[in-house]
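Novice: If it helps, the file is called model_0.pdb and holds PDB, C-alpha atoms:
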```pdb
MODEL        1
ATOM      1  CA  MET A   1       0.000   0.000   0.000
ATOM      2  CA  LYS A   2       1.350   3.413  -0.928
ATOM      3  CA  LEU A   3       2.159   5.732   1.970
ATOM      4  CA  SER A   4       0.069   8.535   0.441
ATOM      5  CA  LYS A   5      -3.001   6.274   0.437
ATOM      6  CA  LEU A   6      -2.285   5.052   3.958
ATOM      7  CA  GLU A   7      -2.133   8.612   5.323
ATOM      8  CA  LYS A   8      -5.764   9.143   4.220
ATOM      9  CA  PHE A   9      -7.136   6.409   6.528
ATOM     10  CA  PHE A  10      -8.727   7.606   9.756
ATOM     11  CA  PHE A  11      -6.756   4.878  11.518
ATOM     12  CA  VAL A  12      -5.043   1.563  10.911
ATOM     13  CA  ASP A  13      -5.189  -1.364  13.301
ATOM     14  CA  LYS A  14      -1.453  -1.905  13.608
ATOM     15  CA  LEU A  15       1.732  -0.387  12.244
ATOM     16  CA  VAL A  16       4.477  -3.024  12.166
ATOM     17  CA  TYR A  17       8.152  -2.110  11.945
ATOM     18  CA  HIS A  18      10.102  -5.164  10.795
ATOM     19  CA  SER A  19      13.591  -5.471  12.227
ATOM     20  CA  LEU A  20      15.539  -7.235   9.524
ATOM     21  CA  ASP A  21      19.273  -7.834   9.215
ATOM     22  CA  LEU A  22      21.987  -5.466  10.507
ATOM     23  CA  ALA A  23      19.820  -2.497  11.482
ATOM     24  CA  LEU A  24      17.601  -2.580   8.415
ATOM     25  CA  TYR A  25      13.914  -1.884   8.880
ATOM     26  CA  ASN A  26      10.820  -1.937   6.699
ATOM     27  CA  VAL A  27       7.185  -1.493   7.582
ATOM     28  CA  SER A  28       3.769  -3.021   7.058
ATOM     29  CA  VAL A  29       0.261  -2.175   8.221
ATOM     30  CA  ILE A  30      -2.638  -4.314   9.313
ATOM     31  CA  ILE A  31      -6.054  -3.027   8.273
ATOM     32  CA  ASP A  32      -9.168  -5.129   8.882
ATOM     33  CA  GLY A  33      -7.011  -8.196   9.567
ATOM     34  CA  LYS A  34      -5.060  -7.927   6.321
ATOM     35  CA  GLU A  35      -1.330  -7.144   6.386
ATOM     36  CA  GLU A  36       0.258  -5.150   3.565
ATOM     37  CA  MET A  37       3.758  -3.773   3.055
ATOM     38  CA  VAL A  38       4.046   0.022   2.869
ATOM     39  CA  THR A  39       5.596   1.462  -0.303
ATOM     40  CA  ASP A  40       6.566   4.801  -1.755
ATOM     41  CA  GLU A  41       4.800   6.291  -4.786
ATOM     42  CA  LYS A  42       6.816   4.096  -7.162
ATOM     43  CA  GLY A  43       5.775   0.902  -5.382
ATOM     44  CA  VAL A  44       9.158   0.362  -3.694
ATOM     45  CA  ARG A  45       8.964  -0.867  -0.101
ATOM     46  CA  LEU A  46       9.787   1.761   2.494
ATOM     47  CA  LYS A  47      13.017   0.796   4.221
ATOM     48  CA  SER A  48      15.752   2.443   6.217
ATOM     49  CA  HIS A  49      18.853   1.725   8.270
ATOM     50  CA  ASN A  50      17.672   4.474  10.624
ATOM     51  CA  PHE A  51      14.596   3.510  12.640
ATOM     52  CA  VAL A  52      13.798   7.086  13.690
ATOM     53  CA  SER A  53      13.848   8.298  10.073
ATOM     54  CA  LEU A  54      11.354   5.552   9.201
ATOM     55  CA  GLN A  55       9.115   6.674  12.068
ATOM     56  CA  LYS A  56       9.371  10.225  10.746
ATOM     57  CA  MET A  57       8.201   9.073   7.293
ATOM     58  CA  LEU A  58       5.140   7.486   8.939
ATOM     59  CA  LYS A  59       4.296  10.262  11.414
ATOM     60  CA  ASN A  60       1.004  11.061   9.632
ATOM     61  CA  VAL A  61      -0.301   7.491   9.882
ATOM     62  CA  ASN A  62      -2.833   7.159  12.693
ATOM     63  CA  ALA A  63      -2.298   3.680  14.146
ATOM     64  CA  LYS A  64      -4.121   2.114  17.085
ATOM     65  CA  GLN A  65      -1.004   0.105  17.850
ATOM     66  CA  GLN A  66       2.665   0.219  16.829
ATOM     67  CA  VAL A  67       5.050  -2.704  17.247
ATOM     68  CA  MET A  68       8.574  -3.776  16.362
ATOM     69  CA  ARG A  69       8.549  -7.309  14.937
ATOM     70  CA  GLN A  70      11.609  -9.495  14.810
ATOM     71  CA  PHE A  71      12.478 -13.150  14.666
ATOM     72  CA  SER A  72      14.852 -14.480  17.305
ATOM     73  CA  ALA A  73      17.400 -17.204  16.696
ATOM     74  CA  TYR A  74      18.281 -17.329  20.398
ATOM     75  CA  ASP A  75      17.067 -20.892  21.052
ATOM     76  CA  GLU A  76      19.045 -22.270  18.151
ATOM     77  CA  MET A  77      22.130 -20.245  19.120
ATOM     78  CA  VAL A  78      22.281 -21.764  22.605
ATOM     79  CA  GLY A  79      21.677 -25.298  21.363
ATOM     80  CA  GLY A  80      17.965 -25.448  22.109
ATOM     81  CA  PRO A  81      15.368 -27.033  19.872
ATOM     82  CA  GLU A  82      14.399 -25.225  16.708
ATOM     83  CA  LYS A  83      10.994 -23.529  16.962
ATOM     84  CA  GLU A  84       8.442 -23.176  14.192
ATOM     85  CA  ASN A  85       7.555 -19.609  15.161
ATOM     86  CA  ASN A  86      10.058 -17.496  17.039
ATOM     87  CA  MET A  87       8.501 -14.132  16.211
ATOM     88  CA  MET A  88       8.500 -11.400  18.840
ATOM     89  CA  GLU A  89       6.398  -8.231  18.746
ATOM     90  CA  ILE A  90       7.496  -5.434  21.047
ATOM     91  CA  PRO A  91       4.948  -2.645  21.651
ATOM     92  CA  LEU A  92       6.173   0.843  20.750
ATOM     93  CA  GLY A  93       5.081   4.240  21.901
ATOM     94  CA  ASN A  94       5.654   7.584  20.251
ATOM     95  CA  ASN A  95       9.225   8.438  21.195
ATOM     96  CA  GLN A  96       8.911  11.950  19.691
ATOM     97  CA  LEU A  97      12.557  11.886  18.573
ATOM     98  CA  PHE A  98      11.770  13.640  15.297
TER      99      PHE A  98
ENDMDL
END
```
Take the structure I supplied and represent it as structure tokens, if you would.

Specialist:
Amino acid sequence: MKLSKLEKFFFVDKLVYHSLDLALYNVSVIIDGKEEMVTDEKGVRLKSHNFVSLQKMLKNVNAKQQVMRQFSAYDEMVGGPEKENNMMEIPLGNNQLF
């Protein structure tokens, strides 16, 4: 979903920042139970190595909830059994750093 379209919604259910590899982030939204990646006007996924700059890009999106989502390899790293789903979602507030 294009950011310009997303900014026109009264609210979205959840804004999800995806923590990827080596401080790389992208973002998706959940609206009416459906998750979609957020893109720029050219259809390229929004991404950044700077989390605060990504938050700044999305400051006009009214979200009921904001989370950071990442997958943890901790269990496998310490020799534990491999899990099917090791996703973590950490609630975020508005840090007002921008």

Novice: Step by step, work through what the PyMOL selection byres ((chain A and resi 11) around 12) selects in the shown file, and finish by giving those residues as JSON, numbers by chain.

Specialist: {"A": [5, 6, 7, 8, 9, 10, 12, 13, 14, 15, 29, 30, 31, 32, 60, 61, 62, 63, 64, 65, 66]}

Novice: What box, with edges along x, y and z, holds each listed atom of stretch 51-67 of chain A when 4 Å is added on every side, and can you state its centre and edge lengths in Å to one decimal, as AutoDock Vina command-line options?

Specialist:
```
--center_x 5.2 --center_y 4.2 --center_z 12.6 --size_x 26.7 --size_y 21.8 --size_z 18.6
```

Novice: From the options A:Val16, A:Glu41, A:Ser4, A:Met57, which residue's atoms come nearest to A:Ile90, counting all atoms listed in the file?

Specialist: A:Val16

Novice: Given all atoms listed in the file as the basis, pick out the residue of A:Met87, A:Asn50, A:Gly43, A:Ser72 nearest to A:Ala23.

Specialist: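 That would be A:Asn50, the residue with the smallest distance to A:Ala23.
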
Novice: Quick one, how far is atom CA of A:Val44 from atom CA of A:Leu92?

Specialist: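 Straight-line distance from atom CA of A:Val44 to atom CA of A:Leu92 works out to 24.6 Å.
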
Novice: Could you pull out every residue with an atom within 12 Å of (16.3, -9.2, 12.0), file coordinates, counting all atoms listed in the file, and send them as a ChimeraX atom specification?

Specialist: /A:17-26,49,68-74,86-88

Novice: Restricted to C-alpha atoms, what would the selected residues look like written as a tab-separated table (two decimals), in the coordinates of the input?

Specialist:
```tsv
chain	number	residue	atom	x	y	z
A	17	TYR	CA	8.15	-2.11	11.94
A	18	HIS	CA	10.10	-5.16	10.80
A	19	SER	CA	13.59	-5.47	12.23
A	20	LEU	CA	15.54	-7.24	9.52
A	21	ASP	CA	19.27	-7.83	9.22
A	22	LEU	CA	21.99	-5.47	10.51
A	23	ALA	CA	19.82	-2.50	11.48
A	24	LEU	CA	17.60	-2.58	8.41
A	25	TYR	CA	13.91	-1.88	8.88
A	26	ASN	CA	10.82	-1.94	6.70
A	49	HIS	CA	18.85	1.72	8.27
A	68	MET	CA	8.57	-3.78	16.36
A	69	ARG	CA	8.55	-7.31	14.94
A	70	GLN	CA	11.61	-9.49	14.81
A	71	PHE	CA	12.48	-13.15	14.67
A	72	SER	CA	14.85	-14.48	17.30
A	73	ALA	CA	17.40	-17.20	16.70
A	74	TYR	CA	18.28	-17.33	20.40
A	86	ASN	CA	10.06	-17.50	17.04
A	87	MET	CA	8.50	-14.13	16.21
A	88	MET	CA	8.50	-11.40	18.84
```

Novice: Evaluate the PyMOL selection byres ((chain A and resi 96) around 12) here and jot the selected residues down as a PDB file with C-alpha atoms, in the frame of the given file.

Specialist:
```pdb
ATOM      1  CA  VAL A  52      13.798   7.086  13.690  1.00  0.00           C
ATOM      2  CA  SER A  53      13.848   8.298  10.073  1.00  0.00           C
ATOM      3  CA  GLN A  55       9.115   6.674  12.068  1.00  0.00           C
ATOM      4  CA  LYS A  56       9.371  10.225  10.746  1.00  0.00           C
ATOM      5  CA  LYS A  59       4.296  10.262  11.414  1.00  0.00           C
ATOM      6  CA  LEU A  92       6.173   0.843  20.750  1.00  0.00           C
ATOM      7  CA  GLY A  93       5.081   4.240  21.901  1.00  0.00           C
ATOM      8  CA  ASN A  94       5.654   7.584  20.251  1.00  0.00           C
ATOM      9  CA  ASN A  95       9.225   8.438  21.195  1.00  0.00           C
ATOM     10  CA  LEU A  97      12.557  11.886  18.573  1.00  0.00           C
ATOM     11  CA  PHE A  98      11.770  13.640  15.297  1.00  0.00           C
TER      12      PHE A  98
END
```

Novice: Quick one: distance from atom CA of A:Glu35 to atom CA of A:Leu54 in Å, one decimal?

Specialist: 18.2 Å

Novice: Which residues are near A:Thr39? Cut-off 7 Å, only C-alpha atoms, ignore same chain within fewer than 6 positions. Put them as a PDB file with C-alpha atoms, in the frame of the given file.

Specialist:
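Contents of the output file result23.pdb:
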```pdb
ATOM      1  CA  MET A   1       0.000   0.000   0.000  1.00  0.00           C
ATOM      2  CA  LYS A   2       1.350   3.413  -0.928  1.00  0.00           C
ATOM      3  CA  LEU A   3       2.159   5.732   1.970  1.00  0.00           C
ATOM      4  CA  ARG A  45       8.964  -0.867  -0.101  1.00  0.00           C
ATOM      5  CA  LEU A  46       9.787   1.761   2.494  1.00  0.00           C
TER       6      LEU A  46
END
```
